[in-house]
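To start, the structure under review is shown below, and the notes come after it.
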Amino acid sequence: MKTERQKMLSGELYNALDTELSTARRRARLLFQRLNQSFDDEEELRHQILSDLFSSNSHIPWLEPPFYCDYGSNITLGKNVFFNFNCVILDVAPVTLGNNVWCGPNVQIYTAQHPLDAVKRRTEEFGIPITIGNDVWIGGGAILCSGVTIGDRAVIGAGAVVTKDVPEGMVVAGIPAKVIKVAE
């Protein structure tokens, strides 16, 4: 029988109130609380916190606190990733960012989904992974919804709500985000 964590990571309905998952979220909250209270000159402390927070396969990002996530361990970061102030990643499913991904302030990345059935929604949720390619810029206040893939060299306009995949080399903007031109 699968654990709730195994169900969560495989995209199945799971109980988010499961003890193992609650403990893992608490661990992440303690880490990012320490990060968010740290000072710019505490580079070694920040490096250690970020090493503990993110997937063991991750590079350490340049990050401006505050930062928030569900687990952290489901986030894999390439080289030269930047998060500006107040970014949020709900990582109930894997979130993968390639190399040279820059996120403006208030960027939100949501893998979490909830059943449309009201009774199921009371106790269960599920997640769909998000993948972001290399050399991607995500403008401030953008929201990436569960299941999207952002192609290499794409640009997400500030305030965009991305509900569908973005092809490589495209600029998208709006609510919902639509292709507006080819990136340079």
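All residue names refer to the structure tokens as shown: chains lettered A, B, ... in order, residues numbered from 1 in each chain, ligands numbered from 1 in order.
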Residues at most 12 Å from stretch 88-91 of chain A, counting only C-alpha atoms, excluding those fewer than 5 positions away in the same chain, as number ranges by chain?
A: 8-9, 11, 21, 24-25, 28, 32, 53-55, 63-76, 83, 96-97, 103-113, 126-131, 140-147
Surrounding residues of A:Leu31 excluding itself and chain neighbours under 5 positions, 9 Å, only C-alpha atoms, as a list in words
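What passes the distance filter is Arg26, Asn36, Ile49, Leu50, Asp52 and Leu53 of chain A.
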Save the residues we just selected, N, CA, C and O atoms, as a PDB file, in the first residue's frame?
ATOM      1  N   ARG A  26       6.186  21.117   8.226  1.00  0.00           N
ATOM      2  CA  ARG A  26       6.662  21.851   9.414  1.00  0.00           C
ATOM      3  C   ARG A  26       8.173  22.072   9.327  1.00  0.00           C
ATOM      4  O   ARG A  26       8.671  23.146   9.641  1.00  0.00           O
ATOM      5  N   ASN A  36      14.034  33.605   6.267  1.00  0.00           N
ATOM      6  CA  ASN A  36      13.354  34.894   6.150  1.00  0.00           C
ATOM      7  C   ASN A  36      13.740  35.875   7.250  1.00  0.00           C
ATOM      8  O   ASN A  36      13.584  37.079   7.091  1.00  0.00           O
ATOM      9  N   ILE A  49      20.919  26.828   5.107  1.00  0.00           N
ATOM     10  CA  ILE A  49      19.458  26.683   5.131  1.00  0.00           C
ATOM     11  C   ILE A  49      18.943  26.256   3.760  1.00  0.00           C
ATOM     12  O   ILE A  49      18.124  25.339   3.645  1.00  0.00           O
ATOM     13  N   LEU A  50      19.417  26.909   2.706  1.00  0.00           N
ATOM     14  CA  LEU A  50      18.963  26.573   1.357  1.00  0.00           C
ATOM     15  C   LEU A  50      19.399  25.170   0.957  1.00  0.00           C
ATOM     16  O   LEU A  50      18.650  24.451   0.290  1.00  0.00           O
ATOM     17  N   ASP A  52      19.673  22.698   3.019  1.00  0.00           N
ATOM     18  CA  ASP A  52      18.779  21.817   3.764  1.00  0.00           C
ATOM     19  C   ASP A  52      17.358  21.835   3.206  1.00  0.00           C
ATOM     20  O   ASP A  52      16.643  20.834   3.296  1.00  0.00           O
ATOM     21  N   LEU A  53      16.939  22.962   2.645  1.00  0.00           N
ATOM     22  CA  LEU A  53      15.558  23.123   2.204  1.00  0.00           C
ATOM     23  C   LEU A  53      15.274  22.437   0.871  1.00  0.00           C
ATOM     24  O   LEU A  53      14.295  21.700   0.739  1.00  0.00           O
TER      25      LEU A  53
END
Atom CA of A:Ser58 and atom CA of A:Lys2 are how many Å apart?
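Atom CA of A:Lys2 lies 26.3 Å from atom CA of A:Ser58.
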When DSSP is applied to the backbone of this structure, which of stretch 55-120 of chain A are assigned strand (DSSP E or B)? Write them out as a ChimeraX atom specification.
/A:62-63,67-69,75-77,82-83,87-90,95-97,102-103,108-110,112-113
Taking only C-alpha atoms into account, which of A:Ala93, A:Ala177, A:Met170, A:Val81 comes nearest A:Glu125?
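Closest to A:Glu125 of all the choices is A:Ala93.
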So which bits of stretch 25-162 of chain A end up alpha helix (DSSP H) when you DSSP the backbone, as a PyMOL selection string?
chain A and resi 25-37+43-53+118-121
Contacts of A:Arg121 within 10 Å, only C-alpha atoms, excl. fewer than 6 positions in-chain, as a list in words:
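The contact residues come out as Leu13, Asn15, Gln113, His114 and Pro115 of chain A.
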Residue selection dump (C-alpha atoms) as a tab-separated table (two decimals), in the first residue's frame:
chain	number	residue	atom	x	y	z
A	13	LEU	CA	-5.31	11.98	-4.61
A	15	ASN	CA	-4.56	13.29	2.37
A	113	GLN	CA	-4.78	20.91	-7.40
A	114	HIS	CA	-8.06	20.14	-5.70
A	115	PRO	CA	-10.90	17.86	-6.80
